[in-house]
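To keep things clear, I will list the structure first and then write my remarks on it.
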Amino acid sequence: MPTPDFRLSRNAFGSLVLTAADGSVHEGVVPVRSFPMAAPREGISLVSADGHELAWIDRLDTVPEALRALVEEELASREFVPEIRRIRHVSSFATPSTWEVETDRGDASLVLKGEEDIRRLSADTLLVADTHGIHFLIRDLRALDKASRKLLDRFL
Amino acid sequence: MKVESLPPAPAGSLPPETWRAGLDARLAPGECVLAWLETDLDERLQFARGLLAVTDQRLLAVAPAGTWQEWSYRDALELLHHDHAGVGTLELQDGTGRKARWRYTLGRNVAALRVIDEFERQRDSHVCGHPVTREADGLCPRCKAPLEPGQEECPICTREMHIPPSTWTLLRLWRFARPYRWRLLAGFLLTLAATAATLVPPYMTMPLMDNVLIPYQNGRPIDTGLVALYLGGLFAAAIFAWVLGWARSYILALVSERIGADLRTATFEHLLKLSLEYFGGKRTGDLMARIGSETDRINIFLSLHLLDFANDVLMIGMTSLILVSINPWLALVTLLPLPLIAWLIHVVRDRLRTGFEKVDRIWAEVTNVLADTIPGIRVVKAFAQEKRETQRFRAANHHNLQVNDRVNRVWSLFSPTVTLLTEVGLLVVWAFGIWQVSRDEITVGVLTAFLAYISRFYLRLDSMSRIVSVTQKAAAGAKRIFDILDHVSSVPEPLSPVHLEQVQGRIELRDVGFRYGNRAVIRSVDLTIHPGELIGLVGHSGSGKSTLVNLMCRFYDVTEGSVLVDGTDVRSLPVAEFRRHIGLVLQEPFLFFGTIAENIAYGQPDATRAEIIAAARAAHAHEFILRLPHGYDSLVGERGQGLSGGERQRISIARALLIDPRILILDEATSSVDTETEKEIQKALDNLVQGRTTIAIAHRLSTLRKADRLVVMDRGQIVEVGNHEQLMAREGAYFRLYQAQARNVDVDAEDVRPPSAVHETKEIAA
């Protein structure tokens, strides 16, 4: 396991602090996934508050436990892509349409502005953007129950 | 501080029912809630509701779990706000660390901003001991637009509507049919008459059979006079039906063609009024398909199918009447399959409608591939990706096939089923008819007439069933048209527009923020530009320069704050009137198909030739235009083929000069040409800039030396303002940009930044 040449800690304000190999200290460091959909565990960049890359983690699974925990914790509090498990109701098949959905983060409703806000990431993965810019993920179209699929099908 | 001295709280409305009891129990006597935010996410970003309330004494919060917390106001306490990926975060901090954090989805941002405003007001008042001061007319916390007293929702911010269009879309076409209603009525009456005329021949078969043929079989000679009369009647009815049918088809086809044309124009007109945001989110192929083929489909539906359908219904109605009048029992048997077929139509309808809607969408996808590939053909060829594009097209086409196959499976079953029912029906009529003839209840003539009628009748029913598919297709098409027509521009015309007689060219940006999707592109920008000033906007690409300019032109509306021109919010000016005062020169000049003169006069089509030439001269375009074989009458293509980049640019400068705008925007006007041409263009620009408020974006800083002030932008914010000398003396961001260019290094995002702890050199998009 390679030891990274930087240190990461959390301060009293709840933000990450990175101490680089040359001794410089950066507060408010943000971890960013390079491929949040395609390869979430690979290529994680630690970016300073003003948007510069400070450090790079090739694979999250190969870094020391403490570091990984910090990064994952921060990622979890930043990432918000609820995964749709079931579509309970749609207000209309014409857009804009309000959807009542069950997600892995609880029940929610979203407003779909137009059919083009449903983007196909791969054959079975869809990303639904609501009016406020929240992206809802449908990881596997075929894993949805039949009723949800039928509702969704009207928009595809 | 006295509670009574407070004006009514801006939040006005009460917190949601769920929290009211808990809140009331905790409030001290006389304490009142001034602002609140119902959070909809918890600490781990699960959907769950909580509440954050600002009272005149403290900050109260309840977590989704039901635990209450409170903080009284102190000096160091701060409420910070930021957002990322559609999630807003409020953090409560003091000097030593974070005290609490609340998360919510961005739909609640207005409430959150109100909470912060109120919190700061209360805290300051508690700390310094002065009563809360509130501006007489409140400002909307989000867009800073002034609110009427007592008005709590900002009219500008709350215009986001989520009303889906009605499903009775086809009926909405009436709006376009109305101007032609008299002609439509005439067409309908003709249809009625024509249908009646076509019903005469089968009726004539009855006496022909009973009075001529049957008696002949029984040994009586044929009455030629009677035959001539009947046959003459048959022929007259046929001619009559032919004339009426022709008149009807002609009138109705004429009308429907006009309705279709109106629909197309209306859609295009509406489309052009929509903001750039709409075009940014749509694909050209899709829009083209909608306006082109969908209107055509609706048109065909109106002129052909709807007409046929009306005809069929009439025919069936009249035939039924005739049949019942001849013999009710036989009529009953004949009409028996009708409800069955109606039911069948109903069942298939739903499946077909969704299917056809899908087919349309897929068709748009096919067009999209074309619209992507053809303009980008140089890139495709340069990277030798023809195969891949073909593959993409084939995939889209294949998808199209699949969806069509699915629809056709249902559809293909439908027609033969109707035909089968028809045959069965015929069989039943034969059987019942023969039985009735055998009992002498009807004559052979009546049975023949019945059979003649119902063969037409069922034929009609069959064609009627076809209406299902075309109606659904047309409804799907109409829906997609009305999708455009119903779209409210995100840059709406003001309800009570303010007219500016003379524009001075003073531009103020007040705490401007702009969000594209969930990404904040511009953040709290404050800038005042004086009339006649030349402002240079610098910063590396992606720093928000072009967005800022787009906001000034009102191509987009700000998400927060406001843009004022001569002290008036641009949102209260009529869009077209406001843009007339703006001249825009873009990096990639767009020339429309037409002559050079027409292109120069684009913004003011009634310009005289002398004006056009004057503008061209000032833009240093006159001479090269004269070198062209047809001078000002030379045709240029849609991308201005045959002209160099510099030449096209000078034509677009002339275009901007001609309308004599008070505000001029140069968006990288010289960056796509070589240095020699740039000098030429620069000379043209110098003419253009004089006496106008100018905002110039330039990559090459040397072109901005004459600017009165330079505004340096970085990541959506203004980092430095000053003229060249001041900024060089400061040795800040501008200095680094300038140094990098002076070293003749192309400005790269990394080059201009302080050499700090950059471990890796990988580019990142912040």
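Quick note on naming: the chains in the structure tokens go A, B, ... in the order shown, residues restart at 1 in each chain, and ligands are numbered from 1 in order of appearance.
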| field | Residues within 9 Å of range 34-49 of chain A, only C-alpha atoms, excluding chain neighbours under 2 positions, as a PyMOL selection string | value | (chain A and resi 18+26-32+51-61+71+121) or (chain B and resi 764+766)
Serialized selection, N, CA and C atoms, as a tab-separated table (two decimals), in the first residue's frame:
chain	number	residue	atom	x	y	z
A	18	LEU	N	-5.70	19.78	4.49
A	18	LEU	CA	-4.67	18.96	3.86
A	18	LEU	C	-3.31	19.59	4.12
A	26	HIS	N	-3.73	23.47	3.60
A	26	HIS	CA	-4.91	23.96	2.86
A	26	HIS	C	-6.17	23.59	3.61
A	27	GLU	N	-6.99	24.60	3.87
A	27	GLU	CA	-8.26	24.33	4.56
A	27	GLU	C	-9.40	24.24	3.56
A	28	GLY	N	-10.42	23.54	3.96
A	28	GLY	CA	-11.61	23.45	3.08
A	28	GLY	C	-11.37	22.63	1.83
A	29	VAL	N	-10.59	21.57	2.00
A	29	VAL	CA	-10.29	20.72	0.86
A	29	VAL	C	-11.51	19.85	0.54
A	30	VAL	N	-11.74	19.66	-0.73
A	30	VAL	CA	-12.92	18.92	-1.16
A	30	VAL	C	-12.51	17.73	-2.01
A	31	PRO	N	-12.97	16.55	-1.68
A	31	PRO	CA	-12.68	15.41	-2.56
A	31	PRO	C	-13.70	15.37	-3.73
A	32	VAL	N	-13.20	15.09	-4.89
A	32	VAL	CA	-14.06	15.05	-6.07
A	32	VAL	C	-13.81	13.76	-6.83
A	51	GLY	N	-10.47	25.63	-6.00
A	51	GLY	CA	-10.61	24.83	-7.21
A	51	GLY	C	-9.34	24.27	-7.81
A	52	HIS	N	-8.22	24.32	-7.09
A	52	HIS	CA	-6.99	23.73	-7.64
A	52	HIS	C	-6.77	22.34	-7.10
A	53	GLU	N	-6.29	21.50	-7.95
A	53	GLU	CA	-6.03	20.14	-7.50
A	53	GLU	C	-4.79	20.12	-6.59
A	54	LEU	N	-4.94	19.48	-5.44
A	54	LEU	CA	-3.82	19.42	-4.50
A	54	LEU	C	-3.23	18.02	-4.45
A	55	ALA	N	-4.06	17.05	-4.57
A	55	ALA	CA	-3.56	15.68	-4.48
A	55	ALA	C	-4.48	14.77	-5.27
A	56	TRP	N	-3.95	13.61	-5.56
A	56	TRP	CA	-4.69	12.68	-6.42
A	56	TRP	C	-4.65	11.30	-5.79
A	57	ILE	N	-5.81	10.68	-5.71
A	57	ILE	CA	-5.85	9.31	-5.20
A	57	ILE	C	-6.28	8.42	-6.36
A	58	ASP	N	-5.38	7.52	-6.75
A	58	ASP	CA	-5.68	6.67	-7.89
A	58	ASP	C	-6.85	5.75	-7.62
A	59	ARG	N	-6.71	5.03	-6.51
A	59	ARG	CA	-7.79	4.10	-6.15
A	59	ARG	C	-8.08	4.27	-4.67
A	60	LEU	N	-9.33	4.44	-4.37
A	60	LEU	CA	-9.72	4.68	-2.99
A	60	LEU	C	-9.42	3.46	-2.12
A	61	ASP	N	-9.43	2.28	-2.71
A	61	ASP	CA	-9.25	1.06	-1.93
A	61	ASP	C	-7.81	0.84	-1.50
A	71	VAL	N	-12.14	10.73	3.61
A	71	VAL	CA	-12.56	11.06	2.24
A	71	VAL	C	-13.98	10.57	1.99
A	121	LEU	N	-27.42	7.04	-19.56
A	121	LEU	CA	-25.97	6.90	-19.35
A	121	LEU	C	-25.47	5.63	-20.03
B	764	ILE	N	-8.19	20.13	-13.90
B	764	ILE	CA	-9.43	19.81	-13.23
B	764	ILE	C	-10.46	20.87	-13.55
B	766	ALA	N	-13.24	22.81	-11.96
B	766	ALA	CA	-13.80	23.10	-10.64
B	766	ALA	C	-15.30	23.24	-10.74
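The residues of chain A lying at most 7 Å from chain B, with only C-alpha atoms taken into account, are Ala12, Phe13, Gly14, Gly51, Glu53, Leu54, Ala55, Ser77, Phe80, Ser92, Ala94, Thr95, Pro96, Ser97, Arg105, Gly106, Asp107, Ala108, His132, Gly133, Ile134 and Arg154 of chain A.
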Selection to disk with all heavy atoms, as a compact mmCIF listing (two decimals), in the first residue's frame:
# COMPACT_ATOMS: atom_id res chain seq x y z
N ALA A 12 -12.25 22.03 13.46
CA ALA A 12 -13.43 22.26 14.28
C ALA A 12 -14.61 22.76 13.46
O ALA A 12 -15.76 22.64 13.86
CB ALA A 12 -13.11 23.26 15.38
N PHE A 13 -14.33 23.36 12.31
CA PHE A 13 -15.41 23.87 11.46
C PHE A 13 -15.98 22.77 10.56
O PHE A 13 -16.82 23.02 9.72
CB PHE A 13 -14.89 25.03 10.60
CG PHE A 13 -14.55 26.23 11.42
CD1 PHE A 13 -13.27 26.42 11.89
CD2 PHE A 13 -15.53 27.16 11.73
CE1 PHE A 13 -12.97 27.52 12.66
CE2 PHE A 13 -15.23 28.26 12.50
CZ PHE A 13 -13.95 28.45 12.98
N GLY A 14 -15.44 21.58 10.73
CA GLY A 14 -15.99 20.46 9.98
C GLY A 14 -15.43 20.34 8.58
O GLY A 14 -15.89 19.53 7.79
N GLY A 51 -10.47 25.63 -6.00
CA GLY A 51 -10.61 24.83 -7.21
C GLY A 51 -9.34 24.27 -7.81
O GLY A 51 -9.35 23.78 -8.93
N GLU A 53 -6.29 21.50 -7.95
CA GLU A 53 -6.03 20.14 -7.50
C GLU A 53 -4.79 20.12 -6.59
O GLU A 53 -3.75 20.67 -6.92
CB GLU A 53 -5.79 19.24 -8.69
CG GLU A 53 -5.57 17.81 -8.28
CD GLU A 53 -5.63 16.87 -9.46
OE1 GLU A 53 -4.81 17.03 -10.37
OE2 GLU A 53 -6.49 15.99 -9.45
N LEU A 54 -4.94 19.48 -5.44
CA LEU A 54 -3.82 19.42 -4.50
C LEU A 54 -3.23 18.02 -4.45
O LEU A 54 -2.02 17.85 -4.28
CB LEU A 54 -4.31 19.79 -3.09
CG LEU A 54 -4.91 21.19 -2.97
CD1 LEU A 54 -5.55 21.35 -1.61
CD2 LEU A 54 -3.85 22.25 -3.19
N ALA A 55 -4.06 17.05 -4.57
CA ALA A 55 -3.56 15.68 -4.48
C ALA A 55 -4.48 14.77 -5.27
O ALA A 55 -5.62 15.12 -5.57
CB ALA A 55 -3.50 15.24 -3.02
N SER A 77 -21.19 13.36 2.44
CA SER A 77 -21.94 14.55 2.82
C SER A 77 -22.07 15.52 1.65
O SER A 77 -22.79 16.50 1.73
CB SER A 77 -21.29 15.24 4.02
OG SER A 77 -20.33 16.15 3.58
N PHE A 80 -25.05 13.85 -3.70
CA PHE A 80 -26.48 13.70 -3.52
C PHE A 80 -27.09 13.26 -4.84
O PHE A 80 -27.48 14.07 -5.66
CB PHE A 80 -27.08 15.01 -3.03
CG PHE A 80 -28.52 14.88 -2.66
CD1 PHE A 80 -28.89 14.09 -1.59
CD2 PHE A 80 -29.49 15.52 -3.38
CE1 PHE A 80 -30.22 13.96 -1.24
CE2 PHE A 80 -30.82 15.39 -3.04
CZ PHE A 80 -31.17 14.62 -1.97
N SER A 92 -48.59 13.64 -14.71
CA SER A 92 -49.07 13.58 -16.09
C SER A 92 -47.96 13.04 -16.98
O SER A 92 -46.79 13.06 -16.61
CB SER A 92 -49.49 14.96 -16.58
OG SER A 92 -48.41 15.61 -17.18
N ALA A 94 -47.39 14.31 -19.84
CA ALA A 94 -46.84 15.45 -20.56
C ALA A 94 -46.02 16.24 -19.57
O ALA A 94 -46.36 16.31 -18.40
CB ALA A 94 -47.97 16.29 -21.11
N THR A 95 -44.93 16.77 -20.02
CA THR A 95 -44.09 17.54 -19.12
C THR A 95 -44.54 18.99 -19.10
O THR A 95 -45.09 19.46 -20.09
CB THR A 95 -42.63 17.46 -19.58
OG1 THR A 95 -42.57 17.82 -20.95
CG2 THR A 95 -42.06 16.09 -19.36
N PRO A 96 -44.30 19.75 -18.02
CA PRO A 96 -43.68 19.32 -16.77
C PRO A 96 -44.58 18.37 -15.98
O PRO A 96 -45.79 18.54 -15.97
CB PRO A 96 -43.49 20.64 -16.03
CG PRO A 96 -44.45 21.58 -16.63
CD PRO A 96 -44.65 21.16 -18.03
N SER A 97 -43.93 17.42 -15.34
CA SER A 97 -44.67 16.40 -14.65
C SER A 97 -44.05 16.18 -13.27
O SER A 97 -42.84 16.19 -13.13
CB SER A 97 -44.61 15.12 -15.49
OG SER A 97 -44.94 14.01 -14.73
N ARG A 105 -32.81 7.18 -0.47
CA ARG A 105 -32.69 8.18 0.59
C ARG A 105 -34.06 8.58 1.14
O ARG A 105 -34.20 9.61 1.76
CB ARG A 105 -31.99 9.42 0.06
CG ARG A 105 -30.54 9.16 -0.31
CD ARG A 105 -29.95 10.38 -0.95
NE ARG A 105 -28.61 10.13 -1.45
CZ ARG A 105 -27.51 10.31 -0.74
NH1 ARG A 105 -27.59 10.71 0.50
NH2 ARG A 105 -26.31 10.07 -1.27
N GLY A 106 -35.06 7.79 0.83
CA GLY A 106 -36.39 8.10 1.32
C GLY A 106 -37.29 8.57 0.20
O GLY A 106 -36.89 8.66 -0.95
N ASP A 107 -38.53 8.87 0.58
CA ASP A 107 -39.51 9.27 -0.43
C ASP A 107 -39.28 10.72 -0.84
O ASP A 107 -38.94 11.56 -0.01
CB ASP A 107 -40.92 9.12 0.13
CG ASP A 107 -41.22 7.68 0.44
OD1 ASP A 107 -40.39 6.83 0.05
OD2 ASP A 107 -42.24 7.40 1.08
N ALA A 108 -39.48 10.97 -2.10
CA ALA A 108 -39.27 12.33 -2.57
C ALA A 108 -40.20 12.60 -3.73
O ALA A 108 -40.79 11.69 -4.30
CB ALA A 108 -37.83 12.52 -3.00
N HIS A 132 -34.74 21.61 -10.01
CA HIS A 132 -33.79 22.30 -9.14
C HIS A 132 -32.38 21.76 -9.30
O HIS A 132 -31.51 22.02 -8.48
CB HIS A 132 -34.23 22.23 -7.69
CG HIS A 132 -35.52 22.94 -7.47
ND1 HIS A 132 -35.66 24.28 -7.69
CD2 HIS A 132 -36.74 22.49 -7.11
CE1 HIS A 132 -36.91 24.63 -7.45
NE2 HIS A 132 -37.58 23.56 -7.10
N GLY A 133 -32.17 20.96 -10.33
CA GLY A 133 -30.81 20.51 -10.61
C GLY A 133 -30.39 19.29 -9.80
O GLY A 133 -29.22 18.93 -9.80
N ILE A 134 -31.33 18.65 -9.12
CA ILE A 134 -30.96 17.42 -8.43
C ILE A 134 -31.04 16.26 -9.42
O ILE A 134 -32.00 16.17 -10.19
CB ILE A 134 -31.90 17.16 -7.25
CG1 ILE A 134 -31.74 18.28 -6.24
CG2 ILE A 134 -31.62 15.81 -6.61
CD1 ILE A 134 -32.70 18.22 -5.10
N ARG A 154 -43.23 5.67 -20.61
CA ARG A 154 -44.00 6.70 -21.31
C ARG A 154 -43.15 7.93 -21.59
O ARG A 154 -43.52 8.77 -22.40
CB ARG A 154 -45.21 7.11 -20.46
CG ARG A 154 -46.22 6.03 -20.30
CD ARG A 154 -46.99 5.77 -21.57
NE ARG A 154 -47.78 6.91 -22.00
CZ ARG A 154 -49.06 7.07 -21.70
NH1 ARG A 154 -49.69 6.20 -20.99
NH2 ARG A 154 -49.70 8.12 -22.15
Can you pull out the residues contacting Phe155 in chain A? Cut-off 8 Å, using only C-alpha atoms, and skip same-chain residues under 3 positions away; I want them as a PDB file with all heavy atoms, in the first residue's frame.
ATOM      1  N   PHE A  93     -48.369  12.575 -18.153  1.00  0.00           N
ATOM      2  CA  PHE A  93     -47.365  12.047 -19.069  1.00  0.00           C
ATOM      3  C   PHE A  93     -46.814  13.139 -19.961  1.00  0.00           C
ATOM      4  O   PHE A  93     -45.926  12.911 -20.754  1.00  0.00           O
ATOM      5  CB  PHE A  93     -47.948  10.905 -19.889  1.00  0.00           C
ATOM      6  CG  PHE A  93     -48.262   9.714 -19.050  1.00  0.00           C
ATOM      7  CD1 PHE A  93     -49.544   9.294 -18.855  1.00  0.00           C
ATOM      8  CD2 PHE A  93     -47.220   9.048 -18.418  1.00  0.00           C
ATOM      9  CE1 PHE A  93     -49.813   8.208 -18.046  1.00  0.00           C
ATOM     10  CE2 PHE A  93     -47.484   7.959 -17.619  1.00  0.00           C
ATOM     11  CZ  PHE A  93     -48.783   7.538 -17.426  1.00  0.00           C
ATOM     12  N   GLU A 115     -38.739  15.883 -21.350  1.00  0.00           N
ATOM     13  CA  GLU A 115     -38.238  14.520 -21.523  1.00  0.00           C
ATOM     14  C   GLU A 115     -36.732  14.487 -21.716  1.00  0.00           C
ATOM     15  O   GLU A 115     -36.068  13.506 -21.382  1.00  0.00           O
ATOM     16  CB  GLU A 115     -38.908  13.871 -22.735  1.00  0.00           C
ATOM     17  CG  GLU A 115     -40.282  13.369 -22.425  1.00  0.00           C
ATOM     18  CD  GLU A 115     -41.313  13.867 -23.420  1.00  0.00           C
ATOM     19  OE1 GLU A 115     -40.916  14.360 -24.482  1.00  0.00           O
ATOM     20  OE2 GLU A 115     -42.511  13.774 -23.113  1.00  0.00           O
ATOM     21  N   LEU A 151     -44.542   3.313 -16.178  1.00  0.00           N
ATOM     22  CA  LEU A 151     -44.651   4.768 -16.064  1.00  0.00           C
ATOM     23  C   LEU A 151     -43.472   5.438 -16.758  1.00  0.00           C
ATOM     24  O   LEU A 151     -43.617   6.377 -17.524  1.00  0.00           O
ATOM     25  CB  LEU A 151     -44.680   5.187 -14.590  1.00  0.00           C
ATOM     26  CG  LEU A 151     -45.969   4.920 -13.837  1.00  0.00           C
ATOM     27  CD1 LEU A 151     -45.817   5.307 -12.381  1.00  0.00           C
ATOM     28  CD2 LEU A 151     -47.109   5.692 -14.463  1.00  0.00           C
ATOM     29  N   LEU A 152     -42.303   4.898 -16.471  1.00  0.00           N
ATOM     30  CA  LEU A 152     -41.080   5.482 -17.019  1.00  0.00           C
ATOM     31  C   LEU A 152     -41.063   5.384 -18.530  1.00  0.00           C
ATOM     32  O   LEU A 152     -40.633   6.297 -19.230  1.00  0.00           O
ATOM     33  CB  LEU A 152     -39.877   4.754 -16.415  1.00  0.00           C
ATOM     34  CG  LEU A 152     -38.509   5.333 -16.733  1.00  0.00           C
ATOM     35  CD1 LEU A 152     -38.381   6.719 -16.135  1.00  0.00           C
ATOM     36  CD2 LEU A 152     -37.421   4.427 -16.197  1.00  0.00           C
TER      37      LEU A 152
END
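Distances to Val719 in chain B were evaluated for B:Ser524, B:Gln217, B:Gln502, B:Thr39 using only C-alpha atoms, and the minimum falls at B:Ser524.
The gap separating CA of Arg460 in chain B from CA of Ala342 in chain B is 13.0 Å, in Å to one decimal.
When only C-alpha atoms are used to measure the gap to Val63 in chain A, the shortest distance among A:Leu16, A:Ala143, A:Leu8, A:Leu127 belongs to A:Leu8.
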| task | Once DSSP has gone over the backbone, tell me which residues of range 83-137 of chain A are in strand (DSSP E or B), as a ChimeraX atom specification. | result | /A:83-90,97-103,106-112,118-120,126-129,135-137
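Between CA of Asn599 in chain B and CA of Ala614 in chain B lies a distance of 14.3 Å.
If you count only C-alpha atoms and ignore residues fewer than 5 places along the chain from Val81 in chain A, what sits within 7 Å of it is A:His135, A:Phe136, A:Leu137.
Residues of range 35-143 of chain A that DSSP, applied to the backbone, places in helix (DSSP H, G or I): Leu60, Asp61, Thr62, Glu65, Ala66, Leu67, Arg68, Ala69, Leu70, Val71, Glu72, Glu73, Glu74, Leu75, Ala76, Ser77, Arg78, Glu115, Glu116, Asp117, Leu141, Arg142 and Ala143 of chain A.
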Deliver the residues from the most recent selection as a file, using N, CA, C and O atoms, as a compact mmCIF listing (two decimals), in the first residue's frame.
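Wrote part_12.txt, looks like this:
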# COMPACT_ATOMS: atom_id res chain seq x y z
N LEU A 60 -9.33 4.44 -4.37
CA LEU A 60 -9.72 4.68 -2.99
C LEU A 60 -9.42 3.46 -2.12
O LEU A 60 -9.15 3.58 -0.93
N ASP A 61 -9.43 2.28 -2.71
CA ASP A 61 -9.25 1.06 -1.93
C ASP A 61 -7.81 0.84 -1.50
O ASP A 61 -7.53 -0.02 -0.67
N THR A 62 -6.86 1.61 -2.08
CA THR A 62 -5.46 1.34 -1.77
C THR A 62 -4.88 2.33 -0.76
O THR A 62 -3.72 2.23 -0.40
N GLU A 65 -6.52 3.35 5.85
CA GLU A 65 -7.89 3.32 6.36
C GLU A 65 -8.38 4.69 6.84
O GLU A 65 -9.47 5.13 6.47
N ALA A 66 -7.57 5.38 7.64
CA ALA A 66 -8.01 6.64 8.25
C ALA A 66 -8.31 7.68 7.16
O ALA A 66 -9.32 8.38 7.20
N LEU A 67 -7.43 7.73 6.21
CA LEU A 67 -7.59 8.68 5.10
C LEU A 67 -8.85 8.37 4.31
O LEU A 67 -9.65 9.24 3.97
N ARG A 68 -9.01 7.07 4.05
CA ARG A 68 -10.16 6.66 3.27
C ARG A 68 -11.46 7.02 3.98
O ARG A 68 -12.40 7.52 3.38
N ALA A 69 -11.47 6.83 5.29
CA ALA A 69 -12.67 7.12 6.06
C ALA A 69 -13.02 8.61 5.95
O ALA A 69 -14.17 8.97 5.71
N LEU A 70 -11.99 9.44 6.08
CA LEU A 70 -12.22 10.88 6.00
C LEU A 70 -12.78 11.27 4.63
O LEU A 70 -13.75 12.02 4.52
N VAL A 71 -12.14 10.73 3.61
CA VAL A 71 -12.56 11.06 2.24
C VAL A 71 -13.98 10.57 1.99
O VAL A 71 -14.83 11.30 1.46
N GLU A 72 -14.25 9.36 2.42
CA GLU A 72 -15.58 8.80 2.17
C GLU A 72 -16.66 9.56 2.91
O GLU A 72 -17.75 9.80 2.39
N GLU A 73 -16.31 9.95 4.14
CA GLU A 73 -17.27 10.70 4.95
C GLU A 73 -17.61 12.02 4.26
O GLU A 73 -18.77 12.41 4.15
N GLU A 74 -16.57 12.69 3.76
CA GLU A 74 -16.79 13.98 3.11
C GLU A 74 -17.57 13.80 1.80
O GLU A 74 -18.46 14.58 1.49
N LEU A 75 -17.20 12.75 1.08
CA LEU A 75 -17.93 12.47 -0.16
C LEU A 75 -19.40 12.23 0.12
O LEU A 75 -20.27 12.75 -0.57
N ALA A 76 -19.65 11.46 1.17
CA ALA A 76 -21.04 11.12 1.49
C ALA A 76 -21.83 12.37 1.82
O ALA A 76 -23.02 12.46 1.52
N SER A 77 -21.19 13.36 2.44
CA SER A 77 -21.94 14.55 2.82
C SER A 77 -22.07 15.52 1.65
O SER A 77 -22.79 16.50 1.73
N ARG A 78 -21.34 15.28 0.58
CA ARG A 78 -21.43 16.16 -0.58
C ARG A 78 -22.26 15.56 -1.71
O ARG A 78 -22.90 16.27 -2.47
N GLU A 115 -38.74 15.88 -21.35
CA GLU A 115 -38.24 14.52 -21.52
C GLU A 115 -36.73 14.49 -21.72
O GLU A 115 -36.07 13.51 -21.38
N GLU A 116 -36.17 15.58 -22.22
CA GLU A 116 -34.73 15.58 -22.47
C GLU A 116 -33.94 15.65 -21.17
O GLU A 116 -32.73 15.51 -21.19
N ASP A 117 -34.63 15.88 -20.04
CA ASP A 117 -33.92 15.86 -18.77
C ASP A 117 -33.68 14.44 -18.27
O ASP A 117 -33.04 14.23 -17.25
N LEU A 141 -32.58 -0.09 -15.07
CA LEU A 141 -33.94 0.04 -15.55
C LEU A 141 -34.71 -1.26 -15.34
O LEU A 141 -35.88 -1.27 -14.95
N ARG A 142 -34.03 -2.36 -15.57
CA ARG A 142 -34.72 -3.63 -15.53
C ARG A 142 -34.99 -4.12 -14.12
O ARG A 142 -35.77 -5.02 -13.90
N ALA A 143 -34.30 -3.46 -13.15
CA ALA A 143 -34.50 -3.87 -11.76
C ALA A 143 -35.74 -3.21 -11.16
O ALA A 143 -36.18 -3.58 -10.08
| Which residues, written as a ChimeraX atom specification, have at least one atom at most 7 Å from range 548-559 of chain B, with only C-alpha atoms counted and residues fewer than 5 positions away on the same chain left out? | /B:143,275-277,491,512-515,579
Selected residues, N, CA and C atoms, written as a short mmCIF file (atom, residue, chain, number, x, y, z; two decimals), in the first residue's frame, please.
data_model
loop_
_atom_site.label_atom_id
_atom_site.label_comp_id
_atom_site.auth_asym_id
_atom_site.auth_seq_id
_atom_site.Cartn_x
_atom_site.Cartn_y
_atom_site.Cartn_z
N CYS B 143 -33.70 37.66 -5.70
CA CYS B 143 -33.35 38.42 -6.89
C CYS B 143 -33.19 39.90 -6.59
N SER B 275 -35.94 31.79 -24.51
CA SER B 275 -34.61 32.25 -24.15
C SER B 275 -33.55 31.28 -24.66
N LEU B 276 -32.32 31.74 -24.62
CA LEU B 276 -31.21 30.89 -25.03
C LEU B 276 -31.14 29.63 -24.20
N GLU B 277 -31.63 29.74 -22.97
CA GLU B 277 -31.60 28.60 -22.07
C GLU B 277 -32.37 27.42 -22.68
N VAL B 491 -37.18 34.09 -20.13
CA VAL B 491 -36.90 35.52 -20.19
C VAL B 491 -38.22 36.18 -20.60
N VAL B 512 -25.22 39.96 -8.42
CA VAL B 512 -25.72 39.05 -9.44
C VAL B 512 -25.19 37.63 -9.26
N GLY B 513 -26.10 36.68 -9.33
CA GLY B 513 -25.70 35.27 -9.30
C GLY B 513 -26.41 34.57 -10.44
N PHE B 514 -25.75 33.61 -11.03
CA PHE B 514 -26.41 32.84 -12.09
C PHE B 514 -26.04 31.39 -11.95
N ARG B 515 -27.05 30.56 -12.10
CA ARG B 515 -26.88 29.14 -11.92
C ARG B 515 -27.27 28.46 -13.21
N ARG B 579 -32.98 45.10 -26.42
CA ARG B 579 -31.86 44.57 -27.19
C ARG B 579 -31.50 45.48 -28.35
#
